[in-house]
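Peer 1: Dropping the structure in here first, questions after.
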Amino acid sequence: MKLKMEEKALLFKIRTKKDSAAFGELYNLYVEKIYRFVFFKINNKEETEDITSDVFLKVWNYLIENRKKEIGSFTGLIYRIARNSIIDFYRQRAKRQECSLDSVVLLADDKNYEKVEIDIEVEKIMIVVKRMKQEYQEVILHRFVEELTTSEISSILDKSKTNVRVTLHRATKKLQELLEQD
């Protein structure tokens, strides 16, 4: 609860005084989460960095331009902007042809063997998640990777809490089925 009150105080400073230091604090609270969210969808470090910085620029502009609009959930706002930015990215990318390069494989030594082993397992799960329909991917990412509450997810996806809970249940059930098949 303290964090939400701190967010509200920072938002007040940004909206009334255009306080860039307050925005910097919000940035620090959310940059890793938004980066991770975007990277999961994009899978390219440079593109993810560009989109993440664009998201924060859009958030700043939204807060300054819409001072009178009430913000129910800053988390919902920033993830919605990130989600829309990812959609815009894919729309623009569909208009141009690109060749993808194979990703670089890291060699494991004895010291980071366990980390590499965990990374391989996570990568296997992520491959399975990416085979699922978009709706399931989003709720799994928000709930288990970003550790958001059902309320926050419902705000981001603009769906009811009940709908999010049902979708999450179906998604985890489907994920379990797919993992057992592999």
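To be explicit about the labels: the chains of the structure tokens are called A, B, and onward in the order shown, and within each one the residues are counted from 1, while ligands get numbers from 1 in the order they are shown.
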Hey, what's within 12 Å of Thr149 of chain A if we count only C-alpha atoms and toss same-chain stuff fewer than 3 positions away? As a ChimeraX atom specification, please?

Peer 2: /A:73,75-76,139-146,152-156,161,164-165,168

Peer 1: Which residues are near Thr48 of chain A? Cut-off 8 Å, only C-alpha atoms, ignore same chain within fewer than 6 positions. Put them as a PyMOL selection string.

Peer 2: chain A and resi 35+38-39+42

Peer 1: For the residues in that selection, give me N, CA, C and O atoms as a PDB file, in the first residue's frame.

Peer 2:
```pdb
ATOM      1  N   TYR A  35      10.839  -3.163 -19.424  1.00  0.00           N
ATOM      2  CA  TYR A  35      11.845  -3.745 -20.318  1.00  0.00           C
ATOM      3  C   TYR A  35      11.605  -5.245 -20.473  1.00  0.00           C
ATOM      4  O   TYR A  35      11.601  -5.769 -21.585  1.00  0.00           O
ATOM      5  N   VAL A  38       8.462  -5.935 -22.578  1.00  0.00           N
ATOM      6  CA  VAL A  38       8.684  -5.676 -24.007  1.00  0.00           C
ATOM      7  C   VAL A  38       9.618  -6.729 -24.597  1.00  0.00           C
ATOM      8  O   VAL A  38       9.373  -7.249 -25.681  1.00  0.00           O
ATOM      9  N   PHE A  39      10.684  -7.070 -23.871  1.00  0.00           N
ATOM     10  CA  PHE A  39      11.639  -8.047 -24.388  1.00  0.00           C
ATOM     11  C   PHE A  39      10.977  -9.393 -24.629  1.00  0.00           C
ATOM     12  O   PHE A  39      11.277 -10.076 -25.611  1.00  0.00           O
ATOM     13  N   ILE A  42       9.281  -8.921 -27.980  1.00  0.00           N
ATOM     14  CA  ILE A  42      10.098  -8.510 -29.127  1.00  0.00           C
ATOM     15  C   ILE A  42      11.293  -9.433 -29.366  1.00  0.00           C
ATOM     16  O   ILE A  42      11.647  -9.718 -30.492  1.00  0.00           O
TER      17      ILE A  42
END
```

Peer 1: Taking the DSSP assignment computed from this structure's backbone, write out as JSON, numbers by chain all residues of segment 6-173 of chain A that belong to helix (DSSP H, G or I).

Peer 2: {"A": [6, 7, 8, 9, 10, 11, 12, 13, 14, 15, 16, 17, 20, 21, 22, 23, 24, 25, 26, 27, 28, 29, 30, 31, 32, 33, 34, 35, 36, 37, 38, 39, 40, 41, 42, 45, 46, 47, 48, 49, 50, 51, 52, 53, 54, 55, 56, 57, 58, 59, 60, 61, 62, 63, 64, 65, 74, 75, 76, 77, 78, 79, 80, 81, 82, 83, 84, 85, 86, 87, 88, 89, 90, 91, 92, 93, 94, 95, 113, 114, 115, 116, 117, 118, 119, 120, 121, 122, 123, 124, 125, 126, 127, 128, 129, 130, 131, 134, 135, 136, 137, 138, 139, 140, 141, 142, 143, 144, 145, 150, 151, 152, 153, 154, 155, 156, 157, 161, 162, 163, 164, 165, 166, 167, 168, 169, 170, 171, 172, 173]}

Peer 1: For segment 130-134 of chain A, please output as JSON, numbers by chain all residues within 9 Å (counting only C-alpha atoms; exclusion window: fewer than 5 positions along the same chain).

Peer 2: {"A": [41, 125, 139, 171, 174, 175, 178]}

Peer 1: Tell me, as a count of residues only, which residues lie within 12 Å of Phe12 of chain A, counting only C-alpha atoms; anything in the same chain fewer than 6 positions away does not count.

Peer 2: 16

Peer 1: Which is closer to Leu57 of chain A than all the others in A:Thr162, A:Ser151, A:Thr172, A:Ser85, using only C-alpha atoms?

Peer 2: A:Ser85

Peer 1: Can you measure atom CA of Asp54 of chain A to atom CA of Lys13 of chain A for me? One decimal in Å is fine.

Peer 2: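 Atom CA of Asp54 of chain A sits 21.4 Å away from atom CA of Lys13 of chain A.
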
Peer 1: Could you please determine the separation between atom CA of Glu25 of chain A and atom CA of Leu11 of chain A in Å, to one decimal place?

Peer 2: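 Distance between the two atoms: 10.2 Å.
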
Peer 1: Using atom CA of Val59 of chain A and atom CA of Leu148 of chain A as the two end points, give the distance in Å to one decimal.

Peer 2: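 Taking atom CA of Val59 of chain A and atom CA of Leu148 of chain A, their separation equals 19.2 Å.
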
Peer 1: Which residue gives the smallest distance to Glu47 of chain A among A:Leu179, A:Val122, A:Ile86, A:Ile127, with only C-alpha atoms counted?

Peer 2: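 Going through A:Leu179, A:Val122, A:Ile86, A:Ile127 one by one, the smallest distance to Glu47 of chain A is for A:Ile86.
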